[in-house]
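K.L.:
Got final.txt for you, compact mmCIF, N, CA and C atoms:
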```
# COMPACT_ATOMS: atom_id res chain seq x y z
N MET A 1 15.30 50.46 -14.92
CA MET A 1 13.95 50.33 -15.45
C MET A 1 13.97 49.67 -16.83
N GLN A 2 14.89 50.10 -17.70
CA GLN A 2 14.92 49.57 -19.05
C GLN A 2 15.24 48.08 -19.07
N ARG A 3 16.16 47.64 -18.21
CA ARG A 3 16.48 46.21 -18.15
C ARG A 3 15.28 45.40 -17.67
N TRP A 4 14.60 45.90 -16.63
CA TRP A 4 13.42 45.22 -16.13
C TRP A 4 12.36 45.11 -17.22
N THR A 5 12.11 46.21 -17.92
CA THR A 5 11.12 46.22 -18.98
C THR A 5 11.47 45.18 -20.05
N GLY A 6 12.72 45.13 -20.44
CA GLY A 6 13.15 44.16 -21.45
C GLY A 6 12.95 42.72 -20.99
N ARG A 7 13.36 42.43 -19.75
CA ARG A 7 13.23 41.06 -19.23
C ARG A 7 11.78 40.67 -19.03
N GLU A 8 11.04 41.51 -18.33
CA GLU A 8 9.65 41.16 -18.01
C GLU A 8 8.79 41.16 -19.28
N GLY A 9 9.04 42.11 -20.17
CA GLY A 9 8.29 42.16 -21.43
C GLY A 9 8.53 40.93 -22.29
N ALA A 10 9.78 40.50 -22.38
CA ALA A 10 10.10 39.30 -23.17
C ALA A 10 9.47 38.07 -22.54
N TRP A 11 9.54 37.97 -21.21
CA TRP A 11 8.93 36.83 -20.51
C TRP A 11 7.42 36.80 -20.75
N LEU A 12 6.77 37.96 -20.58
CA LEU A 12 5.32 38.01 -20.75
C LEU A 12 4.94 37.69 -22.20
N GLN A 13 5.70 38.18 -23.14
CA GLN A 13 5.41 37.88 -24.55
C GLN A 13 5.46 36.38 -24.80
N ARG A 14 6.46 35.70 -24.26
CA ARG A 14 6.55 34.24 -24.43
C ARG A 14 5.36 33.53 -23.81
N GLN A 15 4.94 33.98 -22.64
CA GLN A 15 3.79 33.35 -21.98
C GLN A 15 2.50 33.60 -22.76
N LEU A 16 2.31 34.81 -23.24
CA LEU A 16 1.12 35.15 -24.00
C LEU A 16 1.05 34.36 -25.31
N ALA A 17 2.20 34.11 -25.90
CA ALA A 17 2.25 33.38 -27.18
C ALA A 17 1.74 31.95 -27.03
N GLN A 18 1.70 31.43 -25.82
CA GLN A 18 1.22 30.07 -25.58
C GLN A 18 -0.31 30.00 -25.43
N LEU A 19 -0.95 31.15 -25.33
CA LEU A 19 -2.40 31.18 -25.16
C LEU A 19 -3.09 31.10 -26.53
N PRO A 20 -4.21 30.40 -26.60
CA PRO A 20 -4.90 30.25 -27.89
C PRO A 20 -5.62 31.53 -28.33
N GLY A 21 -5.54 31.81 -29.61
CA GLY A 21 -6.37 32.87 -30.18
C GLY A 21 -5.79 34.27 -30.16
N ILE A 22 -4.63 34.47 -29.53
CA ILE A 22 -4.02 35.81 -29.52
C ILE A 22 -2.56 35.71 -29.95
N THR A 23 -2.06 36.80 -30.49
CA THR A 23 -0.66 36.90 -30.89
C THR A 23 -0.07 38.15 -30.27
N PRO A 24 0.93 38.01 -29.39
CA PRO A 24 1.59 39.19 -28.83
C PRO A 24 2.70 39.68 -29.76
N LEU A 25 2.88 40.97 -29.82
CA LEU A 25 3.96 41.55 -30.62
C LEU A 25 5.12 41.92 -29.71
N PRO A 26 6.36 41.78 -30.19
CA PRO A 26 7.51 42.19 -29.38
C PRO A 26 7.47 43.70 -29.12
N SER A 27 8.03 44.09 -27.99
CA SER A 27 8.02 45.51 -27.63
C SER A 27 9.20 45.83 -26.73
N ALA A 28 9.79 47.01 -26.93
CA ALA A 28 10.83 47.50 -26.04
C ALA A 28 10.24 48.49 -25.03
N ALA A 29 8.94 48.75 -25.13
CA ALA A 29 8.27 49.69 -24.24
C ALA A 29 7.73 48.96 -23.01
N ASN A 30 7.05 49.69 -22.16
CA ASN A 30 6.49 49.11 -20.93
C ASN A 30 5.09 48.56 -21.16
N PHE A 31 4.79 48.19 -22.38
CA PHE A 31 3.51 47.56 -22.71
C PHE A 31 3.71 46.62 -23.90
N LEU A 32 2.74 45.72 -24.07
CA LEU A 32 2.71 44.82 -25.22
C LEU A 32 1.38 44.99 -25.93
N LEU A 33 1.40 44.80 -27.23
CA LEU A 33 0.16 44.75 -28.00
C LEU A 33 -0.13 43.30 -28.31
N ILE A 34 -1.41 42.94 -28.19
CA ILE A 34 -1.83 41.61 -28.63
C ILE A 34 -2.91 41.80 -29.69
N ARG A 35 -2.97 40.84 -30.60
CA ARG A 35 -3.99 40.91 -31.65
C ARG A 35 -4.63 39.55 -31.81
N ALA A 36 -5.77 39.56 -32.46
CA ALA A 36 -6.51 38.33 -32.73
C ALA A 36 -7.15 38.45 -34.11
N GLU A 37 -7.69 37.37 -34.59
CA GLU A 37 -8.37 37.37 -35.89
C GLU A 37 -9.80 37.92 -35.77
N HIS A 38 -10.22 38.23 -34.57
CA HIS A 38 -11.59 38.68 -34.30
C HIS A 38 -11.52 39.82 -33.28
N SER A 39 -12.65 40.37 -32.96
CA SER A 39 -12.71 41.45 -31.98
C SER A 39 -12.30 40.95 -30.59
N LEU A 40 -11.49 41.73 -29.92
CA LEU A 40 -11.09 41.42 -28.55
C LEU A 40 -11.91 42.21 -27.53
N VAL A 41 -12.91 42.92 -27.99
CA VAL A 41 -13.76 43.70 -27.07
C VAL A 41 -14.43 42.78 -26.05
N PRO A 42 -15.02 41.64 -26.45
CA PRO A 42 -15.63 40.77 -25.43
C PRO A 42 -14.61 40.25 -24.40
N LEU A 43 -13.41 39.97 -24.84
CA LEU A 43 -12.36 39.53 -23.90
C LEU A 43 -12.02 40.64 -22.93
N ARG A 44 -11.82 41.85 -23.44
CA ARG A 44 -11.51 42.99 -22.58
C ARG A 44 -12.62 43.21 -21.56
N GLN A 45 -13.86 43.11 -21.99
CA GLN A 45 -14.99 43.30 -21.08
C GLN A 45 -15.07 42.19 -20.03
N ALA A 46 -14.80 40.96 -20.43
CA ALA A 46 -14.83 39.84 -19.48
C ALA A 46 -13.71 39.99 -18.45
N LEU A 47 -12.54 40.40 -18.88
CA LEU A 47 -11.43 40.60 -17.93
C LEU A 47 -11.78 41.68 -16.92
N GLU A 48 -12.39 42.73 -17.39
CA GLU A 48 -12.77 43.82 -16.49
C GLU A 48 -13.87 43.37 -15.52
N ARG A 49 -14.89 42.75 -16.04
CA ARG A 49 -16.06 42.37 -15.23
C ARG A 49 -15.75 41.24 -14.26
N ARG A 50 -15.12 40.18 -14.75
CA ARG A 50 -14.93 38.99 -13.91
C ARG A 50 -13.63 38.99 -13.11
N HIS A 51 -12.61 39.68 -13.61
CA HIS A 51 -11.29 39.60 -12.97
C HIS A 51 -10.78 40.96 -12.47
N HIS A 52 -11.50 42.02 -12.76
CA HIS A 52 -11.11 43.38 -12.37
C HIS A 52 -9.74 43.74 -12.94
N ILE A 53 -9.53 43.35 -14.20
CA ILE A 53 -8.29 43.66 -14.92
C ILE A 53 -8.65 44.55 -16.10
N LEU A 54 -7.95 45.66 -16.21
CA LEU A 54 -8.21 46.60 -17.29
C LEU A 54 -7.11 46.51 -18.35
N LEU A 55 -7.51 46.30 -19.59
CA LEU A 55 -6.59 46.35 -20.72
C LEU A 55 -7.06 47.47 -21.63
N ARG A 56 -6.12 48.09 -22.30
CA ARG A 56 -6.43 49.26 -23.14
C ARG A 56 -7.01 48.81 -24.48
N ASP A 57 -8.19 49.32 -24.77
CA ASP A 57 -8.83 49.14 -26.06
C ASP A 57 -8.04 49.99 -27.07
N CYS A 58 -7.69 49.43 -28.21
CA CYS A 58 -6.84 50.12 -29.18
C CYS A 58 -7.60 50.72 -30.35
N ARG A 59 -8.91 50.71 -30.31
CA ARG A 59 -9.68 51.23 -31.44
C ARG A 59 -9.43 52.70 -31.71
N SER A 60 -8.98 53.45 -30.73
CA SER A 60 -8.73 54.88 -30.94
C SER A 60 -7.33 55.14 -31.50
N PHE A 61 -6.50 54.11 -31.65
CA PHE A 61 -5.16 54.27 -32.20
C PHE A 61 -5.21 54.15 -33.72
N LYS A 62 -4.57 55.06 -34.40
CA LYS A 62 -4.55 55.05 -35.87
C LYS A 62 -3.97 53.73 -36.38
N GLY A 63 -4.72 53.07 -37.25
CA GLY A 63 -4.27 51.82 -37.86
C GLY A 63 -4.64 50.57 -37.08
N LEU A 64 -5.19 50.72 -35.88
CA LEU A 64 -5.59 49.56 -35.09
C LEU A 64 -7.11 49.53 -34.99
N ASP A 65 -7.63 48.36 -34.65
CA ASP A 65 -9.09 48.22 -34.55
C ASP A 65 -9.43 47.36 -33.33
N ALA A 66 -10.62 46.81 -33.31
CA ALA A 66 -11.11 46.05 -32.16
C ALA A 66 -10.39 44.72 -31.96
N SER A 67 -9.54 44.34 -32.90
CA SER A 67 -8.81 43.08 -32.77
C SER A 67 -7.47 43.27 -32.05
N TRP A 68 -7.24 44.44 -31.48
CA TRP A 68 -6.00 44.75 -30.76
C TRP A 68 -6.30 45.19 -29.33
N LEU A 69 -5.42 44.77 -28.40
CA LEU A 69 -5.45 45.27 -27.02
C LEU A 69 -4.02 45.60 -26.59
N ARG A 70 -3.92 46.54 -25.67
CA ARG A 70 -2.61 46.94 -25.12
C ARG A 70 -2.55 46.48 -23.67
N ILE A 71 -1.46 45.79 -23.33
CA ILE A 71 -1.25 45.28 -21.97
C ILE A 71 -0.07 46.03 -21.35
N GLY A 72 -0.32 46.73 -20.27
CA GLY A 72 0.76 47.39 -19.54
C GLY A 72 1.51 46.36 -18.69
N LEU A 73 2.84 46.42 -18.71
CA LEU A 73 3.63 45.49 -17.91
C LEU A 73 3.42 45.74 -16.43
N GLN A 74 3.31 44.67 -15.69
CA GLN A 74 3.20 44.71 -14.23
C GLN A 74 4.43 44.01 -13.65
N ASP A 75 4.48 43.92 -12.34
CA ASP A 75 5.50 43.07 -11.74
C ASP A 75 5.10 41.62 -12.01
N ARG A 76 5.96 40.67 -11.69
CA ARG A 76 5.70 39.28 -12.03
C ARG A 76 4.38 38.79 -11.45
N ARG A 77 4.09 39.18 -10.22
CA ARG A 77 2.83 38.75 -9.60
C ARG A 77 1.62 39.25 -10.39
N GLY A 78 1.65 40.51 -10.80
CA GLY A 78 0.55 41.06 -11.59
C GLY A 78 0.44 40.41 -12.95
N ASN A 79 1.59 40.13 -13.58
CA ASN A 79 1.57 39.47 -14.88
C ASN A 79 1.06 38.04 -14.78
N LEU A 80 1.39 37.34 -13.71
CA LEU A 80 0.86 35.99 -13.50
C LEU A 80 -0.66 36.03 -13.31
N ARG A 81 -1.13 37.01 -12.58
CA ARG A 81 -2.58 37.17 -12.39
C ARG A 81 -3.27 37.39 -13.73
N LEU A 82 -2.69 38.25 -14.56
CA LEU A 82 -3.23 38.49 -15.89
C LEU A 82 -3.24 37.21 -16.72
N LEU A 83 -2.14 36.47 -16.70
CA LEU A 83 -2.07 35.23 -17.49
C LEU A 83 -3.11 34.21 -17.05
N ARG A 84 -3.32 34.09 -15.73
CA ARG A 84 -4.35 33.16 -15.24
C ARG A 84 -5.73 33.57 -15.74
N ALA A 85 -6.02 34.87 -15.67
CA ALA A 85 -7.33 35.35 -16.12
C ALA A 85 -7.49 35.15 -17.63
N LEU A 86 -6.47 35.45 -18.40
CA LEU A 86 -6.55 35.24 -19.83
C LEU A 86 -6.72 33.76 -20.16
N GLY A 87 -6.02 32.91 -19.44
CA GLY A 87 -6.16 31.46 -19.65
C GLY A 87 -7.58 30.99 -19.40
N GLN A 88 -8.21 31.53 -18.37
CA GLN A 88 -9.59 31.16 -18.07
C GLN A 88 -10.54 31.64 -19.17
N GLU A 89 -10.32 32.83 -19.66
CA GLU A 89 -11.22 33.40 -20.64
C GLU A 89 -10.99 32.84 -22.05
N LEU A 90 -9.75 32.52 -22.38
CA LEU A 90 -9.43 32.03 -23.72
C LEU A 90 -9.49 30.50 -23.81
N GLY A 91 -9.34 29.84 -22.67
CA GLY A 91 -9.24 28.37 -22.65
C GLY A 91 -10.54 27.74 -22.89
```
Kindly return the structure encoded in the file as structure tokens.
P.N.:
Amino acid sequence: MQRWTGREGAWLQRQLAQLPGITPLPSAANFLLIRAEHSLVPLRQALERRHHILLRDCRSFKGLDASWLRIGLQDRRGNLRLLRALGQELG
């Protein structure tokens, strides 16, 4: 599990870094945090409404605000689906 998390997390972080307007942070856990210079609430809502993808709102985490989202790692197929949806919404 730990090797998969490391490989898939690093791959997803590299892919997310290519998208405009968000910055992914490195992680050894089974999730990644992304941040932006503005609120990500509209993005989270669009992903849920239009793509049926749920990302964790981080406003309840100490020290984080609406400019942060948490992405749980999926298998490659799920991560590709997420990247396509993010590309549509951010592009």
K.L.:
Determine which residues of stretch 27-85 of chain A receive a DSSP assignment of helix (DSSP H, G or I), computed from the backbone, and state them as a PyMOL selection string.
P.N.:
chain A and resi 41-51+76-85
K.L.:
Go ahead and write the selection's residues with N, CA and C atoms as an mmCIF file, in the coordinates of the input.
P.N.:
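And here is the file that came out, again_34.cif:
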```cif
data_model
loop_
_atom_site.group_PDB
_atom_site.id
_atom_site.type_symbol
_atom_site.label_atom_id
_atom_site.label_comp_id
_atom_site.auth_asym_id
_atom_site.auth_seq_id
_atom_site.Cartn_x
_atom_site.Cartn_y
_atom_site.Cartn_z
ATOM 1 N N VAL A 41 -12.910 42.920 -27.990
ATOM 2 C CA VAL A 41 -13.760 43.700 -27.070
ATOM 3 C C VAL A 41 -14.430 42.780 -26.050
ATOM 4 N N PRO A 42 -15.020 41.640 -26.450
ATOM 5 C CA PRO A 42 -15.630 40.770 -25.430
ATOM 6 C C PRO A 42 -14.610 40.250 -24.400
ATOM 7 N N LEU A 43 -13.410 39.970 -24.840
ATOM 8 C CA LEU A 43 -12.360 39.530 -23.900
ATOM 9 C C LEU A 43 -12.020 40.640 -22.930
ATOM 10 N N ARG A 44 -11.820 41.850 -23.440
ATOM 11 C CA ARG A 44 -11.510 42.990 -22.580
ATOM 12 C C ARG A 44 -12.620 43.210 -21.560
ATOM 13 N N GLN A 45 -13.860 43.110 -21.990
ATOM 14 C CA GLN A 45 -14.990 43.300 -21.080
ATOM 15 C C GLN A 45 -15.070 42.190 -20.030
ATOM 16 N N ALA A 46 -14.800 40.960 -20.430
ATOM 17 C CA ALA A 46 -14.830 39.840 -19.480
ATOM 18 C C ALA A 46 -13.710 39.990 -18.450
ATOM 19 N N LEU A 47 -12.540 40.400 -18.880
ATOM 20 C CA LEU A 47 -11.430 40.600 -17.930
ATOM 21 C C LEU A 47 -11.780 41.680 -16.920
ATOM 22 N N GLU A 48 -12.390 42.730 -17.390
ATOM 23 C CA GLU A 48 -12.770 43.820 -16.490
ATOM 24 C C GLU A 48 -13.870 43.370 -15.520
ATOM 25 N N ARG A 49 -14.890 42.750 -16.040
ATOM 26 C CA ARG A 49 -16.060 42.370 -15.230
ATOM 27 C C ARG A 49 -15.750 41.240 -14.260
ATOM 28 N N ARG A 50 -15.120 40.180 -14.750
ATOM 29 C CA ARG A 50 -14.930 38.990 -13.910
ATOM 30 C C ARG A 50 -13.630 38.990 -13.110
ATOM 31 N N HIS A 51 -12.610 39.680 -13.610
ATOM 32 C CA HIS A 51 -11.290 39.600 -12.970
ATOM 33 C C HIS A 51 -10.780 40.960 -12.470
ATOM 34 N N ARG A 76 5.960 40.670 -11.690
ATOM 35 C CA ARG A 76 5.700 39.280 -12.030
ATOM 36 C C ARG A 76 4.380 38.790 -11.450
ATOM 37 N N ARG A 77 4.090 39.180 -10.220
ATOM 38 C CA ARG A 77 2.830 38.750 -9.600
ATOM 39 C C ARG A 77 1.620 39.250 -10.390
ATOM 40 N N GLY A 78 1.650 40.510 -10.800
ATOM 41 C CA GLY A 78 0.550 41.060 -11.590
ATOM 42 C C GLY A 78 0.440 40.410 -12.950
ATOM 43 N N ASN A 79 1.590 40.130 -13.580
ATOM 44 C CA ASN A 79 1.570 39.470 -14.880
ATOM 45 C C ASN A 79 1.060 38.040 -14.780
ATOM 46 N N LEU A 80 1.390 37.340 -13.710
ATOM 47 C CA LEU A 80 0.860 35.990 -13.500
ATOM 48 C C LEU A 80 -0.660 36.030 -13.310
ATOM 49 N N ARG A 81 -1.130 37.010 -12.580
ATOM 50 C CA ARG A 81 -2.580 37.170 -12.390
ATOM 51 C C ARG A 81 -3.270 37.390 -13.730
ATOM 52 N N LEU A 82 -2.690 38.250 -14.560
ATOM 53 C CA LEU A 82 -3.230 38.490 -15.890
ATOM 54 C C LEU A 82 -3.240 37.210 -16.720
ATOM 55 N N LEU A 83 -2.140 36.470 -16.700
ATOM 56 C CA LEU A 83 -2.070 35.230 -17.490
ATOM 57 C C LEU A 83 -3.110 34.210 -17.050
ATOM 58 N N ARG A 84 -3.320 34.090 -15.730
ATOM 59 C CA ARG A 84 -4.350 33.160 -15.240
ATOM 60 C C ARG A 84 -5.730 33.570 -15.740
ATOM 61 N N ALA A 85 -6.020 34.870 -15.670
ATOM 62 C CA ALA A 85 -7.330 35.350 -16.120
ATOM 63 C C ALA A 85 -7.490 35.150 -17.630
#
```
K.L.:
Please run DSSP on the backbone and report, as a PyMOL selection string, all residues within stretch 46-83 of chain A that come out as strand (DSSP E).
P.N.:
chain A and resi 56-57+68-72
K.L.:
Using only the atoms of stretch 47-50 of chain A listed in the file, plus 3 Å on each side, state the axis-aligned box centre and edge lengths in Å rounded to one decimal, as AutoDock Vina command-line options.
P.N.:
```
--center_x -13.7 --center_y 41.4 --center_z -16.0 --size_x 10.6 --size_y 10.8 --size_z 11.8
```
K.L.:
Set the distance at 7 Å and use only C-alpha atoms: which residues neighbour stretch 71-85 of chain A once local chain neighbours fewer than 5 positions away are removed? I'd like the list as a list in words.
P.N.:
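The filter keeps Gly9, Asn30, Phe31, Leu32, Leu33, Leu47, His51, Leu55 and Arg56 of chain A.
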K.L.:
Determine, counting all atoms listed in the file, which protein, DNA and RNA residues have an atom within 8 Å of an atom of A:Arg44; residues of the same chain fewer than 6 positions away are not included. Present the result as a list in words.
P.N.:
Arg50, Ile53, Leu54, Leu55, Arg56, Asp57 and Leu69 of chain A
K.L.:
So how many Å separate atom CA of A:His52 and atom CA of A:Ile34, to one decimal?
P.N.:
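Interatomic distance, atom CA of A:His52 to atom CA of A:Ile34: 18.8 Å.
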K.L.:
So how far away is atom N of A:Ser27 from atom C of A:Ser60, in Å?
P.N.:
19.2 Å
K.L.:
Out of A:Leu19, A:Val41, A:Ala10, A:Ala36, which residue has the shortest atom-to-atom distance to A:Leu90 when counting only N, CA and C atoms?
P.N.:
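Result for the nearest residue to A:Leu90: A:Leu19.
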K.L.:
Atom CA of A:Gly6 and atom N of A:Pro26 are how many Å apart?
P.N.:
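Atom N of A:Pro26 lies at a distance of 11.3 Å from atom CA of A:Gly6.
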K.L.:
My list of candidates is A:Leu64, A:Cys58, A:Ile22, A:Ala28. Which is closest to A:Glu89 when distances are computed with only C-alpha atoms?
P.N.:
A:Ile22
K.L.:
List as a ChimeraX atom specification the protein and nucleic acid residues near A:Glu37, meaning an atom at most 12 Å away when only C-alpha atoms are counted, but skip any in the same chain fewer than 5 places from it.
P.N.:
/A:20-23,65-68
K.L.:
How would stretch 27-38 of chain A look with all heavy atoms restored, written as an mmCIF file, in the coordinates of the input?
P.N.:
```cif
data_model
loop_
_atom_site.group_PDB
_atom_site.id
_atom_site.type_symbol
_atom_site.label_atom_id
_atom_site.label_comp_id
_atom_site.auth_asym_id
_atom_site.auth_seq_id
_atom_site.Cartn_x
_atom_site.Cartn_y
_atom_site.Cartn_z
ATOM 1 N N SER A 27 8.030 44.090 -27.990
ATOM 2 C CA SER A 27 8.020 45.510 -27.630
ATOM 3 C C SER A 27 9.200 45.830 -26.730
ATOM 4 O O SER A 27 9.565 45.030 -25.875
ATOM 5 C CB SER A 27 6.721 45.842 -26.901
ATOM 6 O OG SER A 27 6.742 47.172 -26.443
ATOM 7 N N ALA A 28 9.790 47.010 -26.930
ATOM 8 C CA ALA A 28 10.830 47.500 -26.040
ATOM 9 C C ALA A 28 10.240 48.490 -25.030
ATOM 10 O O ALA A 28 10.947 48.996 -24.171
ATOM 11 C CB ALA A 28 11.939 48.175 -26.845
ATOM 12 N N ALA A 29 8.940 48.750 -25.130
ATOM 13 C CA ALA A 29 8.270 49.690 -24.240
ATOM 14 C C ALA A 29 7.730 48.960 -23.010
ATOM 15 O O ALA A 29 7.914 47.759 -22.859
ATOM 16 C CB ALA A 29 7.131 50.370 -25.002
ATOM 17 N N ASN A 30 7.050 49.690 -22.160
ATOM 18 C CA ASN A 30 6.490 49.110 -20.930
ATOM 19 C C ASN A 30 5.090 48.560 -21.160
ATOM 20 O O ASN A 30 4.285 48.492 -20.237
ATOM 21 C CB ASN A 30 6.522 50.113 -19.789
ATOM 22 C CG ASN A 30 5.649 51.312 -20.064
ATOM 23 O OD1 ASN A 30 5.187 51.524 -21.178
ATOM 24 N ND2 ASN A 30 5.441 52.109 -19.042
ATOM 25 N N PHE A 31 4.790 48.190 -22.380
ATOM 26 C CA PHE A 31 3.510 47.560 -22.710
ATOM 27 C C PHE A 31 3.710 46.620 -23.900
ATOM 28 O O PHE A 31 4.704 46.702 -24.607
ATOM 29 C CB PHE A 31 2.440 48.608 -23.046
ATOM 30 C CG PHE A 31 2.755 49.432 -24.264
ATOM 31 C CD1 PHE A 31 2.380 48.995 -25.535
ATOM 32 C CD2 PHE A 31 3.434 50.628 -24.153
ATOM 33 C CE1 PHE A 31 2.674 49.744 -26.661
ATOM 34 C CE2 PHE A 31 3.733 51.383 -25.269
ATOM 35 C CZ PHE A 31 3.346 50.941 -26.528
ATOM 36 N N LEU A 32 2.740 45.720 -24.070
ATOM 37 C CA LEU A 32 2.710 44.820 -25.220
ATOM 38 C C LEU A 32 1.380 44.990 -25.930
ATOM 39 O O LEU A 32 0.364 45.264 -25.296
ATOM 40 C CB LEU A 32 2.823 43.361 -24.772
ATOM 41 C CG LEU A 32 4.134 42.901 -24.164
ATOM 42 C CD1 LEU A 32 3.983 41.494 -23.596
ATOM 43 C CD2 LEU A 32 5.240 42.925 -25.181
ATOM 44 N N LEU A 33 1.400 44.800 -27.230
ATOM 45 C CA LEU A 33 0.160 44.750 -28.000
ATOM 46 C C LEU A 33 -0.130 43.300 -28.310
ATOM 47 O O LEU A 33 0.779 42.524 -28.621
ATOM 48 C CB LEU A 33 0.298 45.525 -29.312
ATOM 49 C CG LEU A 33 0.407 47.037 -29.211
ATOM 50 C CD1 LEU A 33 0.665 47.636 -30.590
ATOM 51 C CD2 LEU A 33 -0.851 47.632 -28.600
ATOM 52 N N ILE A 34 -1.410 42.940 -28.190
ATOM 53 C CA ILE A 34 -1.830 41.610 -28.630
ATOM 54 C C ILE A 34 -2.910 41.800 -29.690
ATOM 55 O O ILE A 34 -3.629 42.801 -29.686
ATOM 56 C CB ILE A 34 -2.352 40.724 -27.482
ATOM 57 C CG1 ILE A 34 -3.581 41.338 -26.811
ATOM 58 C CG2 ILE A 34 -1.256 40.425 -26.482
ATOM 59 C CD1 ILE A 34 -4.280 40.408 -25.821
ATOM 60 N N ARG A 35 -2.970 40.840 -30.600
ATOM 61 C CA ARG A 35 -3.990 40.910 -31.650
ATOM 62 C C ARG A 35 -4.630 39.550 -31.810
ATOM 63 O O ARG A 35 -4.103 38.531 -31.349
ATOM 64 C CB ARG A 35 -3.419 41.395 -32.966
ATOM 65 C CG ARG A 35 -2.445 40.451 -33.605
ATOM 66 C CD ARG A 35 -1.936 41.016 -34.929
ATOM 67 N NE ARG A 35 -0.955 40.136 -35.495
ATOM 68 C CZ ARG A 35 -1.224 39.137 -36.338
ATOM 69 N NH1 ARG A 35 -2.467 38.913 -36.702
ATOM 70 N NH2 ARG A 35 -0.271 38.371 -36.810
ATOM 71 N N ALA A 36 -5.770 39.560 -32.460
ATOM 72 C CA ALA A 36 -6.510 38.330 -32.730
ATOM 73 C C ALA A 36 -7.150 38.450 -34.110
ATOM 74 O O ALA A 36 -7.151 39.530 -34.717
ATOM 75 C CB ALA A 36 -7.582 38.100 -31.670
ATOM 76 N N GLU A 37 -7.690 37.370 -34.590
ATOM 77 C CA GLU A 37 -8.370 37.370 -35.890
ATOM 78 C C GLU A 37 -9.800 37.920 -35.770
ATOM 79 O O GLU A 37 -10.486 38.044 -36.768
ATOM 80 C CB GLU A 37 -8.421 35.940 -36.453
ATOM 81 C CG GLU A 37 -7.054 35.363 -36.756
ATOM 82 C CD GLU A 37 -6.337 36.120 -37.874
ATOM 83 O OE1 GLU A 37 -6.999 36.503 -38.848
ATOM 84 O OE2 GLU A 37 -5.117 36.340 -37.740
ATOM 85 N N HIS A 38 -10.220 38.230 -34.570
ATOM 86 C CA HIS A 38 -11.590 38.680 -34.300
ATOM 87 C C HIS A 38 -11.520 39.820 -33.280
ATOM 88 O O HIS A 38 -10.455 40.137 -32.763
ATOM 89 C CB HIS A 38 -12.436 37.533 -33.769
ATOM 90 C CG HIS A 38 -11.775 36.851 -32.596
ATOM 91 N ND1 HIS A 38 -11.829 37.367 -31.326
ATOM 92 C CD2 HIS A 38 -11.000 35.745 -32.533
ATOM 93 C CE1 HIS A 38 -11.124 36.589 -30.512
ATOM 94 N NE2 HIS A 38 -10.611 35.595 -31.219
#
```
